[in-house]
file query_26.cif (mmCIF, C-alpha atoms)
data_entry
loop_
_atom_site.group_PDB
_atom_site.id
_atom_site.type_symbol
_atom_site.label_atom_id
_atom_site.label_comp_id
_atom_site.auth_asym_id
_atom_site.auth_seq_id
_atom_site.Cartn_x
_atom_site.Cartn_y
_atom_site.Cartn_z
ATOM 1 C CA MET A 1 2.663 11.339 18.779
ATOM 2 C CA THR A 2 -1.019 11.059 19.508
ATOM 3 C CA THR A 3 -3.994 13.132 18.540
ATOM 4 C CA SER A 4 -7.277 13.574 20.336
ATOM 5 C CA HIS A 5 -10.639 14.934 19.365
ATOM 6 C CA PRO A 6 -13.541 16.325 21.414
ATOM 7 C CA PRO A 7 -16.585 14.108 22.024
ATOM 8 C CA MET A 8 -19.233 14.097 19.311
ATOM 9 C CA PRO A 9 -22.956 13.390 19.656
ATOM 10 C CA CYS A 10 -24.260 9.966 18.581
ATOM 11 C CA ARG A 11 -26.220 9.679 15.362
ATOM 12 C CA ARG A 12 -27.082 6.941 12.907
ATOM 13 C CA THR A 13 -25.111 8.464 10.038
ATOM 14 C CA GLU A 14 -22.387 11.062 10.002
ATOM 15 C CA GLN A 15 -22.343 14.207 7.914
ATOM 16 C CA PRO A 16 -18.745 15.217 7.134
ATOM 17 C CA ARG A 17 -18.129 18.912 6.809
ATOM 18 C CA PRO A 18 -17.889 20.190 3.228
ATOM 19 C CA GLY A 19 -14.520 21.267 1.969
ATOM 20 C CA ARG A 20 -11.910 21.184 -0.737
ATOM 21 C CA HIS A 21 -11.082 17.969 -2.546
ATOM 22 C CA GLY A 22 -8.116 15.788 -1.567
ATOM 23 C CA MET A 23 -6.218 13.025 -3.252
ATOM 24 C CA MET A 24 -3.393 10.579 -2.735
ATOM 25 C CA GLY A 25 0.107 11.905 -2.143
ATOM 26 C CA ALA A 26 3.586 10.569 -2.850
ATOM 27 C CA VAL A 27 4.376 6.981 -1.916
ATOM 28 C CA ARG A 28 7.082 6.524 0.703
ATOM 29 C CA LEU A 29 9.626 3.727 0.726
ATOM 30 C CA VAL A 30 9.663 3.617 4.499
ATOM 31 C CA VAL A 31 6.587 4.216 6.629
ATOM 32 C CA PRO A 32 7.464 5.175 10.212
ATOM 33 C CA LEU A 33 5.872 3.458 13.148
ATOM 34 C CA VAL A 34 3.347 5.898 14.554
ATOM 35 C CA ALA A 35 1.172 5.924 17.630
ATOM 36 C CA PHE A 36 -2.540 5.288 17.543
ATOM 37 C CA ALA A 37 -4.935 7.891 18.912
ATOM 38 C CA LEU A 38 -8.154 6.782 20.616
ATOM 39 C CA LEU A 39 -11.156 9.018 20.141
ATOM 40 C CA LEU A 40 -13.232 8.968 23.270
ATOM 41 C CA ALA A 41 -16.831 9.421 22.129
ATOM 42 C CA GLY A 42 -19.061 6.620 20.863
ATOM 43 C CA CYS A 43 -22.530 5.278 20.378
ATOM 44 C CA ASP A 44 -24.006 1.809 20.113
ATOM 45 C CA SER A 45 -24.003 0.011 16.800
ATOM 46 C CA GLY A 46 -27.409 0.005 15.178
ATOM 47 C CA PRO A 47 -29.055 -3.199 14.010
ATOM 48 C CA ASP A 48 -29.173 -2.003 10.384
ATOM 49 C CA ASN A 49 -25.398 -1.662 10.310
ATOM 50 C CA GLU A 50 -24.879 -5.051 11.950
ATOM 51 C CA THR A 51 -27.142 -6.709 9.395
ATOM 52 C CA ALA A 52 -25.443 -4.995 6.482
ATOM 53 C CA ALA A 53 -22.008 -5.959 7.791
ATOM 54 C CA GLY A 54 -22.880 -9.615 8.273
ATOM 55 C CA ASP A 55 -21.525 -10.693 4.862
ATOM 56 C CA ALA A 56 -18.733 -8.133 4.709
ATOM 57 C CA ASP A 57 -16.005 -10.104 6.511
ATOM 58 C CA GLY A 58 -12.719 -10.171 4.632
ATOM 59 C CA LEU A 59 -10.352 -7.947 2.696
ATOM 60 C CA TRP A 60 -11.588 -5.224 0.332
ATOM 61 C CA LEU A 61 -9.905 -2.869 -2.142
ATOM 62 C CA LEU A 62 -11.157 0.673 -2.762
ATOM 63 C CA THR A 63 -12.169 1.139 -6.410
ATOM 64 C CA THR A 64 -14.207 4.369 -6.242
ATOM 65 C CA LEU A 65 -13.659 7.485 -4.125
ATOM 66 C CA GLU A 66 -16.134 10.316 -4.641
ATOM 67 C CA PHE A 67 -16.038 13.472 -2.550
ATOM 68 C CA ASP A 68 -18.215 16.545 -3.047
ATOM 69 C CA ASP A 69 -19.539 15.092 -6.319
ATOM 70 C CA GLU A 70 -16.049 14.666 -7.752
ATOM 71 C CA LEU A 71 -14.355 11.364 -8.581
ATOM 72 C CA LEU A 72 -10.873 11.430 -7.057
ATOM 73 C CA PRO A 73 -7.890 9.500 -8.434
ATOM 74 C CA LEU A 74 -6.508 6.524 -6.523
ATOM 75 C CA ASP A 75 -2.739 6.709 -6.841
ATOM 76 C CA GLU A 76 -2.050 3.707 -4.603
ATOM 77 C CA PRO A 77 -4.058 0.754 -3.239
ATOM 78 C CA LEU A 78 -6.294 1.469 -0.251
ATOM 79 C CA PHE A 79 -7.557 -1.554 1.674
ATOM 80 C CA LEU A 80 -10.338 -2.235 4.161
ATOM 81 C CA GLU A 81 -10.568 -5.243 6.498
ATOM 82 C CA VAL A 82 -13.862 -6.283 8.085
ATOM 83 C CA ASP A 83 -14.470 -8.775 10.887
ATOM 84 C CA GLY A 84 -18.078 -8.639 12.093
ATOM 85 C CA THR A 85 -18.643 -5.050 13.132
ATOM 86 C CA GLU A 86 -14.900 -4.436 13.549
ATOM 87 C CA VAL A 87 -13.370 -2.510 10.649
ATOM 88 C CA GLY A 88 -9.969 -1.057 9.808
ATOM 89 C CA GLY A 89 -8.151 0.207 6.764
ATOM 90 C CA ASP A 90 -6.405 2.944 4.831
ATOM 91 C CA THR A 91 -7.356 6.547 4.201
ATOM 92 C CA VAL A 92 -5.526 8.897 1.833
ATOM 93 C CA CYS A 93 -3.126 9.695 4.683
ATOM 94 C CA ASN A 94 -3.301 7.206 7.537
ATOM 95 C CA ARG A 95 -4.746 3.944 8.814
ATOM 96 C CA PHE A 96 -7.761 3.743 11.094
ATOM 97 C CA GLY A 97 -9.822 1.203 13.015
ATOM 98 C CA GLY A 98 -13.222 1.161 14.678
ATOM 99 C CA GLN A 99 -16.695 -0.379 14.669
ATOM 100 C CA PHE A 100 -19.629 0.066 12.352
ATOM 101 C CA GLY A 101 -22.252 2.293 13.940
ATOM 102 C CA ARG A 102 -19.833 3.910 16.413
ATOM 103 C CA ARG A 103 -18.101 7.274 16.208
ATOM 104 C CA ASP A 104 -15.056 6.391 18.317
ATOM 105 C CA HIS A 105 -12.087 4.983 16.402
ATOM 106 C CA THR A 106 -8.321 4.752 16.333
ATOM 107 C CA ALA A 107 -6.144 6.448 13.730
ATOM 108 C CA THR A 108 -2.452 6.789 13.029
ATOM 109 C CA ALA A 109 -1.072 10.281 13.521
ATOM 110 C CA GLU A 110 1.284 10.407 10.560
ATOM 111 C CA GLY A 111 -0.360 13.464 9.073
ATOM 112 C CA CYS A 112 -1.383 14.344 5.531
ATOM 113 C CA GLU A 113 1.264 15.788 3.264
ATOM 114 C CA PRO A 114 -0.037 18.491 0.919
ATOM 115 C CA ASP A 115 -0.462 17.801 -2.767
ATOM 116 C CA ASP A 116 0.986 20.004 -5.495
ATOM 117 C CA ASP A 117 -2.307 21.906 -5.560
ATOM 118 C CA PRO A 118 -2.251 24.193 -2.479
ATOM 119 C CA THR A 119 -6.080 24.352 -2.445
ATOM 120 C CA ILE A 120 -6.380 20.627 -1.717
ATOM 121 C CA ASP A 121 -6.992 19.575 1.867
ATOM 122 C CA ARG A 122 -6.440 15.831 2.183
ATOM 123 C CA HIS A 123 -7.476 15.978 5.849
ATOM 124 C CA GLU A 124 -10.994 16.754 4.634
ATOM 125 C CA VAL A 125 -11.073 13.638 2.481
ATOM 126 C CA GLN A 126 -9.601 11.486 5.245
ATOM 127 C CA ASP A 127 -12.212 12.617 7.776
ATOM 128 C CA ALA A 128 -14.988 12.037 5.255
ATOM 129 C CA MET A 129 -13.752 8.533 4.437
ATOM 130 C CA ILE A 130 -13.648 7.487 8.096
ATOM 131 C CA ALA A 131 -17.080 8.959 8.766
ATOM 132 C CA ALA A 132 -18.568 7.124 5.784
ATOM 133 C CA VAL A 133 -17.092 3.752 6.747
ATOM 134 C CA LEU A 134 -18.137 3.976 10.391
ATOM 135 C CA ALA A 135 -21.685 4.895 9.357
ATOM 136 C CA GLY A 136 -21.977 1.359 8.001
ATOM 137 C CA PRO A 137 -21.844 -0.515 4.675
ATOM 138 C CA ARG A 138 -24.274 -1.833 2.123
ATOM 139 C CA ILE A 139 -23.468 -4.878 -0.037
ATOM 140 C CA SER A 140 -24.717 -5.126 -3.606
ATOM 141 C CA ASP A 141 -23.416 -7.182 -6.545
ATOM 142 C CA GLY A 142 -20.437 -8.286 -4.487
ATOM 143 C CA ARG A 143 -19.341 -4.729 -3.742
ATOM 144 C CA LEU A 144 -19.175 -2.909 -0.443
ATOM 145 C CA THR A 145 -20.522 0.654 -0.551
ATOM 146 C CA PHE A 146 -20.406 3.455 2.032
ATOM 147 C CA THR A 147 -22.360 6.648 1.395
ATOM 148 C CA THR A 148 -22.897 9.952 3.187
ATOM 149 C CA SER A 149 -24.143 13.300 1.897
ATOM 150 C CA SER A 150 -20.654 14.214 0.645
ATOM 151 C CA THR A 151 -18.868 10.918 0.159
ATOM 152 C CA ARG A 152 -19.240 7.628 -1.702
ATOM 153 C CA LEU A 153 -16.771 4.760 -1.322
ATOM 154 C CA VAL A 154 -16.980 1.518 -3.303
ATOM 155 C CA TYR A 155 -14.842 -1.529 -2.481
ATOM 156 C CA GLU A 156 -14.406 -4.881 -4.206
ATOM 157 C CA ARG A 157 -13.550 -8.067 -2.354
ATOM 158 C CA ILE A 158 -10.047 -9.437 -2.944
ATOM 159 C CA ASP A 159 -7.941 -12.338 -1.751
ATOM 160 C CA ASP A 160 -5.017 -11.665 0.571
ATOM 161 C CA PRO A 161 -2.046 -13.264 -1.229
ATOM 162 C CA THR A 162 1.040 -14.786 0.321
ATOM 163 C CA ALA A 163 4.555 -13.920 -0.785
ATOM 164 C CA VAL A 164 4.965 -17.367 -2.382
ATOM 165 C CA GLN A 165 1.785 -16.886 -4.406
ATOM 166 C CA LEU A 166 3.261 -13.691 -5.852
ATOM 167 C CA PHE A 167 6.831 -14.915 -6.319
ATOM 168 C CA ALA A 168 7.132 -18.624 -7.092
ATOM 169 C CA VAL A 169 10.933 -18.405 -6.814
ATOM 170 C CA LEU A 170 10.507 -18.349 -3.023
ATOM 171 C CA ASP A 171 9.403 -21.976 -3.301
ATOM 172 C CA ASP A 172 12.373 -22.952 -5.493
ATOM 173 C CA GLU A 173 15.013 -24.713 -3.386
ATOM 174 C CA THR A 174 17.681 -24.110 -6.034
ATOM 175 C CA ALA A 175 17.263 -20.342 -5.522
ATOM 176 C CA ALA A 176 17.574 -20.439 -1.718
ATOM 177 C CA ALA A 177 20.059 -17.881 -0.426
ATOM 178 C CA SER A 178 21.785 -16.840 2.797
ATOM 179 C CA THR A 179 22.078 -13.389 4.330
ATOM 180 C CA ASP A 180 25.858 -13.950 4.294
ATOM 181 C CA GLU A 181 25.658 -13.055 0.594
ATOM 182 C CA ILE A 182 24.184 -9.610 1.312
ATOM 183 C CA PHE A 183 26.443 -6.677 2.166
ATOM 184 C CA LEU A 184 25.975 -5.484 5.748
ATOM 185 C CA ASP A 185 27.146 -2.073 6.882
ATOM 186 C CA PRO A 186 29.048 -2.578 10.167
ATOM 187 C CA GLU A 187 26.927 0.148 11.761
ATOM 188 C CA ALA A 188 23.637 -1.432 10.660
ATOM 189 C CA GLY A 189 23.597 -4.175 13.293
ATOM 190 C CA ARG A 190 22.412 -7.346 11.565
ATOM 191 C CA HIS A 191 20.163 -8.556 8.802
ATOM 192 C CA PRO A 192 16.516 -9.430 9.513
ATOM 193 C CA ASP A 193 15.777 -13.082 10.254
ATOM 194 C CA TYR A 194 14.197 -13.793 6.889
ATOM 195 C CA GLU A 195 11.826 -16.761 6.979
ATOM 196 C CA GLY A 196 12.547 -17.253 3.296
ATOM 197 C CA LEU A 197 15.247 -15.765 1.087
ATOM 198 C CA ALA A 198 15.590 -16.386 -2.653
ATOM 199 C CA ARG A 199 18.396 -15.285 -4.938
ATOM 200 C CA LEU A 200 17.601 -13.522 -8.214
ATOM 201 C CA THR A 201 20.064 -12.774 -10.989
ATOM 202 C CA HIS A 202 20.115 -10.267 -13.807
ATOM 203 C CA PRO A 203 22.568 -10.409 -16.725
ATOM 204 C CA GLY A 204 22.600 -6.637 -17.056
ATOM 205 C CA THR A 205 24.482 -5.916 -13.815
ATOM 206 C CA ALA A 206 26.920 -7.381 -11.324
ATOM 207 C CA ALA A 207 24.581 -6.383 -8.476
ATOM 208 C CA ARG A 208 22.846 -9.214 -6.621
ATOM 209 C CA PHE A 209 19.109 -9.311 -5.977
ATOM 210 C CA TYR A 210 17.011 -11.174 -3.425
ATOM 211 C CA ILE A 211 13.403 -11.644 -2.319
ATOM 212 C CA GLY A 212 13.027 -12.048 1.438
ATOM 213 C CA VAL A 213 10.069 -12.807 3.692
ATOM 214 C CA ASP A 214 10.305 -10.888 6.953
ATOM 215 C CA GLY A 215 7.241 -11.673 9.070
ATOM 216 C CA GLU A 216 4.225 -10.172 7.268
ATOM 217 C CA LEU A 217 6.451 -8.344 4.768
ATOM 218 C CA VAL A 218 7.985 -9.283 1.451
ATOM 219 C CA CYS A 219 11.281 -7.511 0.794
ATOM 220 C CA PHE A 220 13.276 -6.688 -2.321
ATOM 221 C CA ILE A 221 16.994 -6.529 -1.560
ATOM 222 C CA MET A 222 19.790 -5.221 -3.788
ATOM 223 C CA SER A 223 23.430 -5.767 -2.883
ATOM 224 C CA THR A 224 26.982 -5.326 -4.139
ATOM 225 C CA ASP A 225 30.210 -5.924 -2.235
ATOM 226 C CA ARG A 226 30.016 -2.392 -0.822
ATOM 227 C CA ALA A 227 26.340 -1.499 -0.580
ATOM 228 C CA SER A 228 22.870 -2.893 -0.039
ATOM 229 C CA SER A 229 19.362 -1.461 -0.073
ATOM 230 C CA SER A 230 15.948 -2.970 0.564
ATOM 231 C CA SER A 231 12.272 -2.115 0.254
ATOM 232 C CA CYS A 232 9.591 -4.071 2.160
ATOM 233 C CA GLN A 233 5.815 -4.105 2.007
ATOM 234 C CA ARG A 234 2.911 -6.425 2.699
ATOM 235 C CA PRO A 235 2.131 -8.950 -0.065
ATOM 236 C CA ARG A 236 -1.280 -7.361 -0.711
ATOM 237 C CA LEU A 237 0.591 -4.205 -1.717
ATOM 238 C CA ALA A 238 3.424 -5.983 -3.524
ATOM 239 C CA ALA A 239 0.765 -7.574 -5.737
ATOM 240 C CA ARG A 240 -0.315 -4.136 -6.927
ATOM 241 C CA ARG A 241 2.657 -1.767 -6.814
ATOM 242 C CA SER A 242 6.441 -1.646 -6.879
ATOM 243 C CA TRP A 243 9.107 1.026 -6.698
ATOM 244 C CA ALA A 244 12.160 1.238 -8.922
ATOM 245 C CA PHE A 245 14.729 2.706 -6.587
ATOM 246 C CA GLU A 246 18.452 3.337 -6.692
ATOM 247 C CA LEU A 247 21.119 1.324 -4.919
ATOM 248 C CA ALA A 248 23.551 3.562 -3.054
ATOM 249 C CA ASN A 249 26.382 3.346 -0.537
ATOM 250 C CA ARG A 250 28.039 5.920 1.685
ATOM 251 C CA ASP A 251 29.810 7.391 -1.330
ATOM 252 C CA GLY A 252 26.537 7.882 -3.193
ATOM 253 C CA PRO A 253 24.578 6.073 -5.919
ATOM 254 C CA VAL A 254 26.223 3.107 -7.622
ATOM 255 C CA GLY A 255 24.201 3.309 -10.830
ATOM 256 C CA VAL A 256 21.712 0.480 -10.278
ATOM 257 C CA HIS A 257 17.991 1.187 -10.532
ATOM 258 C CA ALA A 258 15.733 -1.842 -10.167
ATOM 259 C CA ALA A 259 12.227 -2.937 -9.205
ATOM 260 C CA LEU A 260 10.638 -6.197 -8.090
ATOM 261 C CA ILE A 261 7.846 -7.393 -10.407
ATOM 262 C CA PRO A 262 5.345 -10.091 -9.305
ATOM 263 C CA ASP A 263 4.959 -13.164 -11.502
ATOM 264 C CA ALA A 264 1.546 -12.073 -12.808
ATOM 265 C CA PHE A 265 2.977 -8.911 -14.405
ATOM 266 C CA VAL A 266 6.399 -10.030 -15.654
ATOM 267 C CA GLU A 267 5.081 -10.522 -19.191
ATOM 268 C CA ALA A 268 3.315 -7.144 -19.254
ATOM 269 C CA VAL A 269 6.422 -5.307 -18.041
ATOM 270 C CA ALA A 270 8.597 -7.200 -20.520
ATOM 271 C CA ALA A 271 6.371 -5.794 -23.266
ATOM 272 C CA ARG A 272 7.664 -2.326 -22.328
ATOM 273 C CA PRO A 273 11.367 -2.496 -23.297
ATOM 274 C CA ASP A 274 11.512 1.284 -23.089
ATOM 275 C CA LEU A 275 11.385 0.910 -19.290
ATOM 276 C CA GLY A 276 14.411 -1.393 -19.168
ATOM 277 C CA GLN A 277 15.416 -5.040 -19.191
ATOM 278 C CA ILE A 278 13.560 -7.626 -17.104
ATOM 279 C CA SER A 279 14.979 -10.975 -16.042
ATOM 280 C CA GLY A 280 12.906 -13.177 -13.771
ATOM 281 C CA ASN A 281 11.254 -10.837 -11.278
ATOM 282 C CA VAL A 282 13.861 -8.063 -11.571
ATOM 283 C CA LEU A 283 13.403 -5.038 -13.815
ATOM 284 C CA LEU A 284 16.645 -3.149 -14.402
ATOM 285 C CA VAL A 285 15.454 0.339 -15.280
ATOM 286 C CA ALA A 286 16.947 1.884 -18.390
ATOM 287 C CA GLU A 287 18.966 5.082 -18.158
ATOM 288 C CA GLY A 288 16.892 8.123 -18.982
ATOM 289 C CA THR A 289 13.584 6.553 -17.924
ATOM 290 C CA ALA A 290 11.332 9.356 -16.767
ATOM 291 C CA ALA A 291 10.327 9.349 -13.114
ATOM 292 C CA GLY A 292 6.632 8.648 -12.668
ATOM 293 C CA ARG A 293 3.980 5.941 -12.440
ATOM 294 C CA TYR A 294 3.569 3.280 -15.113
ATOM 295 C CA ARG A 295 0.380 1.218 -14.999
ATOM 296 C CA PHE A 296 -0.334 -2.313 -16.202
ATOM 297 C CA GLU A 297 -3.394 -4.554 -16.240
ATOM 298 C CA GLU A 298 -3.563 -8.336 -16.470
ATOM 299 C CA PRO A 299 -6.273 -10.175 -18.477
ATOM 300 C CA GLY A 300 -8.196 -10.893 -15.262
ATOM 301 C CA GLY A 301 -8.486 -7.169 -14.580
ATOM 302 C CA GLN A 302 -6.015 -6.788 -11.712
ATOM 303 C CA ARG A 303 -3.903 -3.662 -12.000
ATOM 304 C CA PHE A 304 -0.288 -3.018 -11.133
ATOM 305 C CA THR A 305 1.621 0.269 -10.800
ATOM 306 C CA LEU A 306 5.371 0.636 -11.232
ATOM 307 C CA GLU A 307 6.708 3.855 -9.746
ATOM 308 C CA VAL A 308 10.111 4.970 -10.925
ATOM 309 C CA ILE A 309 11.786 7.205 -8.363
ATOM 310 C CA GLY A 310 15.262 8.378 -7.542
ATOM 311 C CA LEU A 311 16.332 8.869 -11.159
ATOM 312 C CA PRO A 312 18.369 11.945 -12.147
#
call {"tool": "encode", "arguments": {"input": "query_26.cif", "output": "structure tokens"}}
result
Amino acid sequence: MTTSHPPMPCRRTEQPRPGRHGMMGAVRLVVPLVAFALLLAGCDSGPDNETAAGDADGLWLLTTLEFDDELLPLDEPLFLEVDGTEVGGDTVCNRFGGQFGRRDHTATAEGCEPDDDPTIDRHEVQDAMIAAVLAGPRISDGRLTFTTSSTRLVYERIDDPTAVQLFAVLDDETAAASTDEIFLDPEAGRHPDYEGLARLTHPGTAARFYIGVDGELVCFIMSTDRASSSSCQRPRLAARRSWAFELANRDGPVGVHAALIPDAFVEAVAARPDLGQISGNVLLVAEGTAAGRYRFEEPGGQRFTLEVIGLP
């Protein structure tokens, strides 16, 4: 599916249309592959934007999202990548890419799911975010800021971690595993060709757990002799969020709810025994744990969100 937009006149900065406030929606375990839509109008990058972007190369994390004078909550990490005048990243609904100082850009066409509040229009916020970024950044005190008449975005620079940096067990030869240990539904084809696969154990269940590296993704795999489930995401996301989901087979759930916890937050999660029992990087969620988001912060200031889903 692709989307297209009519040409727009060139201008130095963009003024998004005013509207209702939007916010982040529910996190999905699987994000479908969607087509990119190319917007056909553009204008040359201005020298001010090029100068401002000169020191902006790298990966950035959104820390402040203001729209129509209201500070909006950030329910999941939103990233921005800069390479010269080339820029790409996340909005509240989709991913986009373009150039500073130009109006033309690409964007995924996944769409914006409505929030619980029917008055919220997340499309408005998405359009405003893209317009602000393409108008060009300013760097101050190590932060990247984008501002228009209705929108203010503030990003902080972050490192892009590898899977091994998040989960040291992947570098432990004694934990190396084979996909032969993981249940495979005959109709599922075959397992991914994991570049690394480490076995995790948990004394609270007979289920088997694994961390796998599949290209740019780090995967959490749960398996029994009759079922297996997995959840994959990029390491930059795995460093900041995890889902506790339920293992199921064709007959339904098998009663195992678990989440993968990065090394940096194992101690913080262990300090919450009400959430369940943690062993190594595996949190086995306790029965009766309320569905929702649970937030943690390490001494260095990095934050991590555990989302419990799929519970009765």
call {"tool": "residues_around", "arguments": {"input": "query_26.cif", "residues": "Thr174 in chain A", "least_positions_apart": "4", "cutoff": "12 Å", "atoms": "all atoms listed in the file", "output": "MDAnalysis selection string"}}
result
chainID A and resid 168:170 197:200
call {"tool": "residues_around", "arguments": {"input": "query_26.cif", "residues": "Phe265 in chain A", "least_positions_apart": "4", "cutoff": "12 Å", "atoms": "all atoms listed in the file", "output": "ChimeraX atom specification"}}
result
/A:166-167,238-242,260-261,269-272,278,280-283,295-306
call {"tool": "residues_around", "arguments": {"input": "query_26.cif", "residues": "Asp90 in chain A", "least_positions_apart": "6", "cutoff": "7 Å", "atoms": "all atoms listed in the file", "output": "PyMOL selection string"}}
result
chain A and resi 78-80+96
call {"tool": "residues_around", "arguments": {"input": "query_26.cif", "residues": "Arg143 in chain A", "least_positions_apart": "5", "cutoff": "10 Å", "atoms": "all atoms listed in the file", "output": "list in words"}}
result
Ala56, Trp60, Leu61, Leu62, Thr63, Pro137, Arg138, Val154, Tyr155, Glu156 and Arg157 of chain A
call {"tool": "residues_around", "arguments": {"input": "query_26.cif", "residues": "Met129 in chain A", "least_positions_apart": "4", "cutoff": "12 Å", "atoms": "only C-alpha atoms", "output": "number ranges by chain"}}
result
A: 14-17, 22-23, 62, 64-68, 78, 80, 88-97, 122-125, 133-136, 145-154
call {"tool": "atom_distance", "arguments": {"input": "query_26.cif", "atom1": "CA of Ala163 in chain A", "atom2": "CA of Pro235 in chain A"}}
result
5.6 Å
call {"tool": "atom_distance", "arguments": {"input": "query_26.cif", "atom1": "CA of Arg102 in chain A", "atom2": "CA of Val82 in chain A"}}
result
14.5 Å
call {"tool": "closest_residue", "arguments": {"input": "query_26.cif", "among": "A:Thr289, A:Val218, A:Pro203, A:Gly142", "to": "Gln233 in chain A", "atoms": "only C-alpha atoms"}}
result
A:Val218
call {"tool": "resolve_selection", "arguments": {"input": "query_26.cif", "expression": "the PyMOL selection byres ((chain A and resi 244) around 8)", "output": "ChimeraX atom specification"}}
result
/A:242-243,245-246,257-260,285,306-310
call {"tool": "closest_residue", "arguments": {"input": "query_26.cif", "among": "A:Gly58, A:Cys219, A:Leu237, A:Cys232", "to": "Leu144 in chain A", "atoms": "all atoms listed in the file"}}
result
A:Gly58
call {"tool": "closest_residue", "arguments": {"input": "query_26.cif", "among": "A:Leu72, A:Ile211, A:Ile182, A:Ile139", "to": "Ser228 in chain A", "atoms": "only C-alpha atoms"}}
result
A:Ile182
call {"tool": "atom_distance", "arguments": {"input": "query_26.cif", "atom1": "CA of Ser231 in chain A", "atom2": "CA of Leu247 in chain A"}}
result
10.8 Å
call {"tool": "resolve_selection", "arguments": {"input": "query_26.cif", "expression": "the PyMOL selection byres ((chain A and resi 287) around 10)", "output": "MDAnalysis selection string"}}
result
chainID A and resid 255:257 274:276 284:286 288:290 311:312
call {"tool": "write_last_selection", "arguments": {"input": "query_26.cif", "atoms": "C-alpha atoms", "output": "JSON list (two decimals), keeping the file's coordinate frame"}}
result
[["chain", "number", "residue", "atom", "x", "y", "z"],
["A", 255, "GLY", "CA", 24.20, 3.31, -10.83],
["A", 256, "VAL", "CA", 21.71, 0.48, -10.28],
["A", 257, "HIS", "CA", 17.99, 1.19, -10.53],
["A", 274, "ASP", "CA", 11.51, 1.28, -23.09],
["A", 275, "LEU", "CA", 11.38, 0.91, -19.29],
["A", 276, "GLY", "CA", 14.41, -1.39, -19.17],
["A", 284, "LEU", "CA", 16.64, -3.15, -14.40],
["A", 285, "VAL", "CA", 15.45, 0.34, -15.28],
["A", 286, "ALA", "CA", 16.95, 1.88, -18.39],
["A", 288, "GLY", "CA", 16.89, 8.12, -18.98],
["A", 289, "THR", "CA", 13.58, 6.55, -17.92],
["A", 290, "ALA", "CA", 11.33, 9.36, -16.77],
["A", 311, "LEU", "CA", 16.33, 8.87, -11.16],
["A", 312, "PRO", "CA", 18.37, 11.94, -12.15]]
call {"tool": "decode", "arguments": {"input": "query_26.cif", "residues": "range 193-205 of chain A", "atoms": "N, CA and C atoms", "output": "short mmCIF file (atom, residue, chain, number, x, y, z; two decimals), in the first residue's frame"}}
result
data_model
loop_
_atom_site.label_atom_id
_atom_site.label_comp_id
_atom_site.auth_asym_id
_atom_site.auth_seq_id
_atom_site.Cartn_x
_atom_site.Cartn_y
_atom_site.Cartn_z
N ASP A 193 17.96 -18.55 10.30
CA ASP A 193 19.38 -18.89 10.42
C ASP A 193 20.02 -17.95 11.43
N TYR A 194 19.83 -18.26 12.71
CA TYR A 194 20.36 -17.39 13.75
C TYR A 194 21.89 -17.33 13.67
N GLU A 195 22.43 -16.12 13.71
CA GLU A 195 23.88 -15.95 13.72
C GLU A 195 24.45 -16.28 15.09
N GLY A 196 23.63 -16.17 16.10
CA GLY A 196 24.00 -16.57 17.45
C GLY A 196 22.75 -17.05 18.16
N LEU A 197 22.88 -18.08 18.97
CA LEU A 197 21.72 -18.61 19.69
C LEU A 197 22.21 -19.11 21.05
N ALA A 198 21.66 -18.55 22.11
CA ALA A 198 22.07 -18.90 23.47
C ALA A 198 20.88 -19.47 24.24
N ARG A 199 21.16 -20.50 25.01
CA ARG A 199 20.13 -21.16 25.81
C ARG A 199 20.03 -20.51 27.18
N LEU A 200 18.79 -20.25 27.61
CA LEU A 200 18.53 -19.72 28.94
C LEU A 200 17.68 -20.74 29.70
N THR A 201 17.82 -20.80 30.98
CA THR A 201 17.00 -21.72 31.78
C THR A 201 16.29 -20.95 32.88
N HIS A 202 15.20 -21.51 33.35
CA HIS A 202 14.47 -20.91 34.45
C HIS A 202 13.92 -22.04 35.32
N PRO A 203 14.23 -22.03 36.61
CA PRO A 203 13.79 -23.13 37.48
C PRO A 203 12.30 -23.19 37.69
N GLY A 204 11.58 -22.13 37.32
CA GLY A 204 10.15 -22.09 37.60
C GLY A 204 9.28 -22.74 36.54
N THR A 205 9.87 -23.29 35.47
CA THR A 205 9.07 -23.88 34.40
C THR A 205 9.90 -24.87 33.61
#
